[in-house]
Amino acid sequence: MEQVTVNANVEILEKTICFEGFFRIERYRLRHRLFNGDWSHPLVREVFERGHAAAVLPYDPIRDEVVLIEQFRVGALNAPGGPWLMEIVAGIIEADETTEDVVKRESIEEANCIITDLIPLYNFLVSPGGATESVALFCGRVDTTHAGGVHGASEEGEDIKVHVVTVDTALALLQAGKINSVSAIIALQWLALNRDHARTIWAA
């Protein structure tokens with residue numbers, strides 16, 4: 001149990017670590033200010049702490065193609081389409097790493113693509129009702145001419161298949177419900193709205 005901490009709007013009465021392994025689960029007993037100015041009753045909430053991530057949609061503005069990756073995800077074991085998901089490149093932010101460092105490193109590791117330019121898109125919370133994870137999202141300029149194959153860090157259990165598709169094909173997959181990873185959905189929707197802008201600034 002950790003020491004009680006207080007700020008103006010949230011009072012943490014107790015914090016304990018329920019589990020600590022590859023991820024961590026913490027339990028809070030707390031109360032917070034209500035909109036009417038009163039305090040809530042004490043609440044008990046478990047929080048999944050898995051670190052923060054950065055993700056990138058690799059885009060070739062010359063060929064008008066994107067790089068999507070497919071890999072096994074245990075959290076999707078019971079998903080209607082099965083546990084192999086179409087996603088974009090992503091990774092956990094390690095100590096002393098910038099979000100830009102992460103997506104450039106992961107693009108080489110997961111897709112064998114070199115990112116030459118980045119457009120920052122959004123920073124969003126994945127599931128704030130029970131998890132602390134946030135994602136810094138980018139669109140990254142790549143050359144898809146020789147992209148493809150199977151990549152990933154085998155020592156980490158990664159087996160990642162690279163798909164190079166036109167933007168129109170990717171958007172059709174999105175519309176058909178074949179892409180259900182949140183980072184990929186957000187990034188592709190951004191590209192659908194900003195495709196001409198990205199191609200213009202990366203035309204050189």
# chains A, B, ... in the order shown; residues from 1 in each chain; ligands from 1
>>> select_by_dssp(residues="region 64-167 of chain A", states="alpha helix (DSSP H)", output="list of chain:residue names")
A:Thr99, A:Glu100, A:Asp101, A:Val102, A:Val103, A:Lys104, A:Arg105, A:Glu106, A:Ser107, A:Ile108, A:Glu109, A:Glu110, A:Ala111, A:Val167
>>> write_last_selection(atoms="N, CA and C atoms", output="PDB file, in the first residue's frame")
ATOM      1  N   THR A  99       8.628   9.805 -28.942  1.00  0.00           N
ATOM      2  CA  THR A  99       7.627   9.082 -29.733  1.00  0.00           C
ATOM      3  C   THR A  99       8.095   8.918 -31.173  1.00  0.00           C
ATOM      4  N   GLU A 100       8.803   9.923 -31.688  1.00  0.00           N
ATOM      5  CA  GLU A 100       9.350   9.825 -33.047  1.00  0.00           C
ATOM      6  C   GLU A 100      10.381   8.694 -33.139  1.00  0.00           C
ATOM      7  N   ASP A 101      11.216   8.557 -32.121  1.00  0.00           N
ATOM      8  CA  ASP A 101      12.191   7.465 -32.084  1.00  0.00           C
ATOM      9  C   ASP A 101      11.494   6.110 -32.167  1.00  0.00           C
ATOM     10  N   VAL A 102      10.402   5.982 -31.421  1.00  0.00           N
ATOM     11  CA  VAL A 102       9.689   4.703 -31.353  1.00  0.00           C
ATOM     12  C   VAL A 102       9.164   4.290 -32.725  1.00  0.00           C
ATOM     13  N   VAL A 103       8.451   5.204 -33.396  1.00  0.00           N
ATOM     14  CA  VAL A 103       7.834   4.807 -34.664  1.00  0.00           C
ATOM     15  C   VAL A 103       8.880   4.556 -35.748  1.00  0.00           C
ATOM     16  N   LYS A 104       9.986   5.283 -35.713  1.00  0.00           N
ATOM     17  CA  LYS A 104      11.048   5.022 -36.687  1.00  0.00           C
ATOM     18  C   LYS A 104      11.704   3.667 -36.418  1.00  0.00           C
ATOM     19  N   ARG A 105      11.944   3.360 -35.164  1.00  0.00           N
ATOM     20  CA  ARG A 105      12.535   2.067 -34.802  1.00  0.00           C
ATOM     21  C   ARG A 105      11.593   0.914 -35.142  1.00  0.00           C
ATOM     22  N   GLU A 106      10.341   1.058 -34.766  1.00  0.00           N
ATOM     23  CA  GLU A 106       9.387  -0.020 -34.987  1.00  0.00           C
ATOM     24  C   GLU A 106       9.072  -0.223 -36.468  1.00  0.00           C
ATOM     25  N   SER A 107       9.130   0.832 -37.258  1.00  0.00           N
ATOM     26  CA  SER A 107       8.871   0.684 -38.689  1.00  0.00           C
ATOM     27  C   SER A 107       9.914  -0.194 -39.353  1.00  0.00           C
ATOM     28  N   ILE A 108      11.154  -0.088 -38.907  1.00  0.00           N
ATOM     29  CA  ILE A 108      12.211  -0.956 -39.431  1.00  0.00           C
ATOM     30  C   ILE A 108      12.032  -2.378 -38.904  1.00  0.00           C
ATOM     31  N   GLU A 109      11.751  -2.498 -37.612  1.00  0.00           N
ATOM     32  CA  GLU A 109      11.655  -3.811 -36.980  1.00  0.00           C
ATOM     33  C   GLU A 109      10.442  -4.600 -37.466  1.00  0.00           C
ATOM     34  N   GLU A 110       9.290  -3.930 -37.564  1.00  0.00           N
ATOM     35  CA  GLU A 110       8.048  -4.631 -37.877  1.00  0.00           C
ATOM     36  C   GLU A 110       7.739  -4.708 -39.368  1.00  0.00           C
ATOM     37  N   ALA A 111       8.214  -3.718 -40.137  1.00  0.00           N
ATOM     38  CA  ALA A 111       7.821  -3.670 -41.548  1.00  0.00           C
ATOM     39  C   ALA A 111       8.982  -3.495 -42.511  1.00  0.00           C
ATOM     40  N   VAL A 167      -4.301   3.166 -50.993  1.00  0.00           N
ATOM     41  CA  VAL A 167      -5.134   3.830 -49.996  1.00  0.00           C
ATOM     42  C   VAL A 167      -6.597   3.462 -50.208  1.00  0.00           C
TER      43      VAL A 167
END
>>> closest_atom_pairs(of="region 128-166 of chain A", to="region 172-186 of chain A", cutoff="12 Å", atoms="only C-alpha atoms", output="JSON lines")
{"residue": "A:Ser134", "atom": "CA", "partner": "A:Ser183", "partner_atom": "CA", "distance": 10.7}
{"residue": "A:Val135", "atom": "CA", "partner": "A:Ser183", "partner_atom": "CA", "distance": 8.0}
{"residue": "A:Ala136", "atom": "CA", "partner": "A:Ser183", "partner_atom": "CA", "distance": 9.4}
{"residue": "A:Leu137", "atom": "CA", "partner": "A:Ser183", "partner_atom": "CA", "distance": 7.3}
{"residue": "A:Phe138", "atom": "CA", "partner": "A:Ser183", "partner_atom": "CA", "distance": 9.7}
{"residue": "A:Cys139", "atom": "CA", "partner": "A:Ala184", "partner_atom": "CA", "distance": 10.5}
{"residue": "A:Val165", "atom": "CA", "partner": "A:Leu173", "partner_atom": "CA", "distance": 10.1}
{"residue": "A:Thr166", "atom": "CA", "partner": "A:Ala172", "partner_atom": "CA", "distance": 9.8}
>>> write_last_selection(atoms="N, CA, C and O atoms", output="PDB file, in the first residue's frame")
ATOM      1  N   SER A 134      -1.799   5.535 -23.322  1.00  0.00           N
ATOM      2  CA  SER A 134      -2.055   6.554 -24.334  1.00  0.00           C
ATOM      3  C   SER A 134      -1.223   6.218 -25.562  1.00  0.00           C
ATOM      4  O   SER A 134      -0.221   5.504 -25.478  1.00  0.00           O
ATOM      5  N   VAL A 135      -1.662   6.728 -26.715  1.00  0.00           N
ATOM      6  CA  VAL A 135      -0.957   6.483 -27.973  1.00  0.00           C
ATOM      7  C   VAL A 135      -0.693   7.806 -28.671  1.00  0.00           C
ATOM      8  O   VAL A 135      -1.606   8.624 -28.838  1.00  0.00           O
ATOM      9  N   ALA A 136       0.557   8.025 -29.066  1.00  0.00           N
ATOM     10  CA  ALA A 136       0.926   9.144 -29.920  1.00  0.00           C
ATOM     11  C   ALA A 136       0.901   8.625 -31.350  1.00  0.00           C
ATOM     12  O   ALA A 136       1.622   7.691 -31.688  1.00  0.00           O
ATOM     13  N   LEU A 137       0.049   9.223 -32.182  1.00  0.00           N
ATOM     14  CA  LEU A 137      -0.210   8.693 -33.516  1.00  0.00           C
ATOM     15  C   LEU A 137       0.387   9.596 -34.588  1.00  0.00           C
ATOM     16  O   LEU A 137       0.282  10.819 -34.523  1.00  0.00           O
ATOM     17  N   PHE A 138       0.994   8.966 -35.618  1.00  0.00           N
ATOM     18  CA  PHE A 138       1.652   9.689 -36.704  1.00  0.00           C
ATOM     19  C   PHE A 138       1.258   9.084 -38.050  1.00  0.00           C
ATOM     20  O   PHE A 138       0.834   7.932 -38.138  1.00  0.00           O
ATOM     21  N   CYS A 139       1.466   9.879 -39.092  1.00  0.00           N
ATOM     22  CA  CYS A 139       1.538   9.363 -40.456  1.00  0.00           C
ATOM     23  C   CYS A 139       2.988   9.560 -40.890  1.00  0.00           C
ATOM     24  O   CYS A 139       3.562  10.633 -40.671  1.00  0.00           O
ATOM     25  N   VAL A 165      -0.861  -1.973 -49.687  1.00  0.00           N
ATOM     26  CA  VAL A 165      -2.118  -1.825 -50.431  1.00  0.00           C
ATOM     27  C   VAL A 165      -2.309  -0.363 -50.803  1.00  0.00           C
ATOM     28  O   VAL A 165      -1.747   0.540 -50.160  1.00  0.00           O
ATOM     29  N   THR A 166      -3.106  -0.126 -51.824  1.00  0.00           N
ATOM     30  CA  THR A 166      -3.431   1.257 -52.162  1.00  0.00           C
ATOM     31  C   THR A 166      -4.283   1.855 -51.053  1.00  0.00           C
ATOM     32  O   THR A 166      -4.939   1.135 -50.289  1.00  0.00           O
TER      33      THR A 166
END
>>> residues_around(residues="Thr116 (chain A)", least_positions_apart="5", cutoff="8 Å", atoms="only C-alpha atoms", output="list in words")
Gly140, Arg141 and Val142 of chain A
>>> select_by_dssp(residues="region 59-104 of chain A", states="strand (DSSP E)", output="PyMOL selection string")
chain A and resi 59-60+65-72+84-87+89-92
>>> residues_around(residues="region 145-154 of chain A", least_positions_apart="6", cutoff="10 Å", atoms="only C-alpha atoms", output="list in words")
Asp60, Arg63, Glu65, Val67, Leu68, Ile69, Glu70, Gln71, Glu106, Ser107, Ile108, Glu109, Glu110, Ala111, Asn112, Cys113, Ile114, Ile160, Lys161, Val162, His163 and Val164 of chain A
>>> residues_around(residues="Asp196 (chain A)", least_positions_apart="4", cutoff="12 Å", atoms="only C-alpha atoms", output="JSON, numbers by chain")
{"A": [61, 62, 64, 167, 190, 191, 192, 200, 201, 202, 203]}
>>> residues_around(residues="Cys18 (chain A)", least_positions_apart="2", cutoff="10 Å", atoms="only C-alpha atoms", output="ChimeraX atom specification")
/A:15-16,20,24-27,46-47
>>> write_last_selection(atoms="N, CA, C and O atoms", output="mmCIF file, in the first residue's frame")
data_model
loop_
_atom_site.group_PDB
_atom_site.id
_atom_site.type_symbol
_atom_site.label_atom_id
_atom_site.label_comp_id
_atom_site.auth_asym_id
_atom_site.auth_seq_id
_atom_site.Cartn_x
_atom_site.Cartn_y
_atom_site.Cartn_z
ATOM 1 N N LYS A 15 -3.711 2.939 -2.450
ATOM 2 C CA LYS A 15 -3.272 2.393 -3.737
ATOM 3 C C LYS A 15 -2.444 1.138 -3.480
ATOM 4 O O LYS A 15 -1.504 1.168 -2.692
ATOM 5 N N THR A 16 -2.824 0.045 -4.115
ATOM 6 C CA THR A 16 -2.098 -1.203 -3.954
ATOM 7 C C THR A 16 -1.814 -1.808 -5.331
ATOM 8 O O THR A 16 -2.532 -1.545 -6.294
ATOM 9 N N GLU A 20 1.933 -7.783 -10.773
ATOM 10 C CA GLU A 20 3.008 -7.162 -11.526
ATOM 11 C C GLU A 20 3.782 -8.234 -12.259
ATOM 12 O O GLU A 20 4.399 -9.108 -11.657
ATOM 13 N N ARG A 24 1.028 -4.499 -15.337
ATOM 14 C CA ARG A 24 0.756 -4.295 -13.917
ATOM 15 C C ARG A 24 -0.710 -3.902 -13.722
ATOM 16 O O ARG A 24 -1.268 -3.155 -14.527
ATOM 17 N N ILE A 25 -1.306 -4.407 -12.669
ATOM 18 C CA ILE A 25 -2.667 -4.022 -12.308
ATOM 19 C C ILE A 25 -2.625 -3.377 -10.929
ATOM 20 O O ILE A 25 -2.098 -3.966 -9.971
ATOM 21 N N GLU A 26 -3.149 -2.160 -10.838
ATOM 22 C CA GLU A 26 -3.181 -1.418 -9.577
ATOM 23 C C GLU A 26 -4.625 -1.231 -9.135
ATOM 24 O O GLU A 26 -5.532 -1.116 -9.963
ATOM 25 N N ARG A 27 -4.838 -1.215 -7.822
ATOM 26 C CA ARG A 27 -6.171 -0.963 -7.278
ATOM 27 C C ARG A 27 -6.148 0.355 -6.508
ATOM 28 O O ARG A 27 -5.289 0.580 -5.657
ATOM 29 N N GLU A 46 -9.889 -0.885 -10.332
ATOM 30 C CA GLU A 46 -8.638 -1.492 -10.790
ATOM 31 C C GLU A 46 -8.219 -0.815 -12.086
ATOM 32 O O GLU A 46 -9.061 -0.471 -12.927
ATOM 33 N N VAL A 47 -6.913 -0.616 -12.235
ATOM 34 C CA VAL A 47 -6.372 0.056 -13.412
ATOM 35 C C VAL A 47 -5.276 -0.812 -14.022
ATOM 36 O O VAL A 47 -4.380 -1.297 -13.324
#
>>> closest_residue(among="A:Thr169, A:Thr144, A:Asn78, A:Gln189", to="Leu121 (chain A)", atoms="only C-alpha atoms")
A:Gln189
>>> residues_around(residues="Gly129 (chain A)", least_positions_apart="2", cutoff="10 Å", atoms="only C-alpha atoms", output="JSON, numbers by chain")
{"A": [45, 46, 47, 48, 125, 126, 127, 131, 132]}
>>> closest_residue(among="A:Glu97, A:Ala90, A:Leu85, A:Leu171", to="Leu193 (chain A)", atoms="only C-alpha atoms")
A:Leu171
>>> atom_distance(atom1="CA of Ile17 (chain A)", atom2="CA of Trp39 (chain A)")
24.9 Å
>>> atom_distance(atom1="CA of Gly82 (chain A)", atom2="CA of Arg50 (chain A)")
23.1 Å
>>> closest_residue(among="A:Glu87, A:Ile12, A:Phe22, A:Glu158", to="Val56 (chain A)", atoms="only C-alpha atoms")
A:Glu87
>>> closest_residue(among="A:Val89, A:Ala76, A:Leu57, A:Leu30", to="Ala187 (chain A)", atoms="only C-alpha atoms")
A:Leu57
>>> atom_distance(atom1="CA of Met86 (chain A)", atom2="CA of Asp168 (chain A)")
15.5 Å
>>> decode(residues="region 120-132 of chain A", atoms="all heavy atoms", output="mmCIF file, in the first residue's frame")
data_model
loop_
_atom_site.group_PDB
_atom_site.id
_atom_site.type_symbol
_atom_site.label_atom_id
_atom_site.label_comp_id
_atom_site.auth_asym_id
_atom_site.auth_seq_id
_atom_site.Cartn_x
_atom_site.Cartn_y
_atom_site.Cartn_z
ATOM 1 N N PRO A 120 2.625 14.553 -37.135
ATOM 2 C CA PRO A 120 1.930 14.183 -35.896
ATOM 3 C C PRO A 120 0.417 14.304 -36.094
ATOM 4 O O PRO A 120 -0.066 15.293 -36.660
ATOM 5 C CB PRO A 120 2.440 15.204 -34.875
ATOM 6 C CG PRO A 120 3.630 15.852 -35.514
ATOM 7 C CD PRO A 120 3.407 15.788 -36.989
ATOM 8 N N LEU A 121 -0.317 13.302 -35.660
ATOM 9 C CA LEU A 121 -1.766 13.319 -35.809
ATOM 10 C C LEU A 121 -2.461 13.627 -34.479
ATOM 11 O O LEU A 121 -2.891 14.740 -34.241
ATOM 12 C CB LEU A 121 -2.260 11.982 -36.374
ATOM 13 C CG LEU A 121 -1.619 11.504 -37.683
ATOM 14 C CD1 LEU A 121 -2.325 10.257 -38.198
ATOM 15 C CD2 LEU A 121 -1.605 12.604 -38.734
ATOM 16 N N TYR A 122 -2.539 12.643 -33.595
ATOM 17 C CA TYR A 122 -3.281 12.801 -32.341
ATOM 18 C C TYR A 122 -2.546 12.088 -31.212
ATOM 19 O O TYR A 122 -1.759 11.182 -31.435
ATOM 20 C CB TYR A 122 -4.684 12.186 -32.452
ATOM 21 C CG TYR A 122 -5.456 12.601 -33.672
ATOM 22 C CD1 TYR A 122 -5.608 11.730 -34.746
ATOM 23 C CD2 TYR A 122 -6.031 13.863 -33.765
ATOM 24 C CE1 TYR A 122 -6.307 12.093 -35.881
ATOM 25 C CE2 TYR A 122 -6.742 14.243 -34.895
ATOM 26 C CZ TYR A 122 -6.866 13.357 -35.945
ATOM 27 O OH TYR A 122 -7.560 13.733 -37.073
ATOM 28 N N ASN A 123 -2.860 12.502 -30.010
ATOM 29 C CA ASN A 123 -2.522 11.750 -28.807
ATOM 30 C C ASN A 123 -3.847 11.365 -28.157
ATOM 31 O O ASN A 123 -4.650 12.249 -27.835
ATOM 32 C CB ASN A 123 -1.682 12.587 -27.839
ATOM 33 C CG ASN A 123 -0.243 12.717 -28.294
ATOM 34 O OD1 ASN A 123 0.588 11.868 -27.984
ATOM 35 N ND2 ASN A 123 0.049 13.771 -29.041
ATOM 36 N N PHE A 124 -4.075 10.067 -27.979
ATOM 37 C CA PHE A 124 -5.374 9.655 -27.450
ATOM 38 C C PHE A 124 -5.220 8.575 -26.382
ATOM 39 O O PHE A 124 -4.220 7.857 -26.343
ATOM 40 C CB PHE A 124 -6.298 9.172 -28.580
ATOM 41 C CG PHE A 124 -5.823 7.938 -29.297
ATOM 42 C CD1 PHE A 124 -6.207 6.671 -28.872
ATOM 43 C CD2 PHE A 124 -5.003 8.032 -30.411
ATOM 44 C CE1 PHE A 124 -5.776 5.528 -29.533
ATOM 45 C CE2 PHE A 124 -4.574 6.899 -31.089
ATOM 46 C CZ PHE A 124 -4.964 5.648 -30.642
ATOM 47 N N LEU A 125 -6.229 8.486 -25.514
ATOM 48 C CA LEU A 125 -6.295 7.457 -24.490
ATOM 49 C C LEU A 125 -7.039 6.265 -25.063
ATOM 50 O O LEU A 125 -8.114 6.413 -25.651
ATOM 51 C CB LEU A 125 -7.005 7.986 -23.244
ATOM 52 C CG LEU A 125 -6.277 9.123 -22.523
ATOM 53 C CD1 LEU A 125 -7.201 9.792 -21.515
ATOM 54 C CD2 LEU A 125 -5.030 8.585 -21.823
ATOM 55 N N VAL A 126 -6.499 5.069 -24.880
ATOM 56 C CA VAL A 126 -7.055 3.880 -25.500
ATOM 57 C C VAL A 126 -8.354 3.451 -24.819
ATOM 58 O O VAL A 126 -9.367 3.207 -25.478
ATOM 59 C CB VAL A 126 -6.032 2.732 -25.473
ATOM 60 C CG1 VAL A 126 -6.632 1.442 -26.011
ATOM 61 C CG2 VAL A 126 -4.797 3.127 -26.271
ATOM 62 N N SER A 127 -8.341 3.336 -23.504
ATOM 63 C CA SER A 127 -9.520 2.889 -22.760
ATOM 64 C C SER A 127 -9.448 3.448 -21.347
ATOM 65 O O SER A 127 -9.166 2.726 -20.387
ATOM 66 C CB SER A 127 -9.575 1.353 -22.726
ATOM 67 O OG SER A 127 -10.757 0.904 -22.099
ATOM 68 N N PRO A 128 -9.707 4.756 -21.182
ATOM 69 C CA PRO A 128 -9.458 5.415 -19.898
ATOM 70 C C PRO A 128 -10.371 4.979 -18.756
ATOM 71 O O PRO A 128 -10.124 5.328 -17.606
ATOM 72 C CB PRO A 128 -9.668 6.907 -20.221
ATOM 73 C CG PRO A 128 -10.560 6.914 -21.418
ATOM 74 C CD PRO A 128 -10.173 5.693 -22.211
ATOM 75 N N GLY A 129 -11.388 4.188 -19.056
ATOM 76 C CA GLY A 129 -12.216 3.661 -17.981
ATOM 77 C C GLY A 129 -11.499 2.630 -17.130
ATOM 78 O O GLY A 129 -11.928 2.349 -16.006
ATOM 79 N N GLY A 130 -10.399 2.068 -17.640
ATOM 80 C CA GLY A 130 -9.711 1.052 -16.854
ATOM 81 C C GLY A 130 -8.252 0.863 -17.185
ATOM 82 O O GLY A 130 -7.601 -0.032 -16.645
ATOM 83 N N ALA A 131 -7.694 1.709 -18.097
ATOM 84 C CA ALA A 131 -6.294 1.563 -18.479
ATOM 85 C C ALA A 131 -5.652 2.937 -18.617
ATOM 86 O O ALA A 131 -6.315 3.909 -18.973
ATOM 87 C CB ALA A 131 -6.170 0.792 -19.797
ATOM 88 N N THR A 132 -4.361 3.001 -18.344
ATOM 89 C CA THR A 132 -3.648 4.276 -18.410
ATOM 90 C C THR A 132 -3.044 4.532 -19.783
ATOM 91 O O THR A 132 -2.602 5.639 -20.068
ATOM 92 C CB THR A 132 -2.493 4.304 -17.389
ATOM 93 O OG1 THR A 132 -1.589 3.231 -17.684
ATOM 94 C CG2 THR A 132 -3.006 4.170 -15.968
#
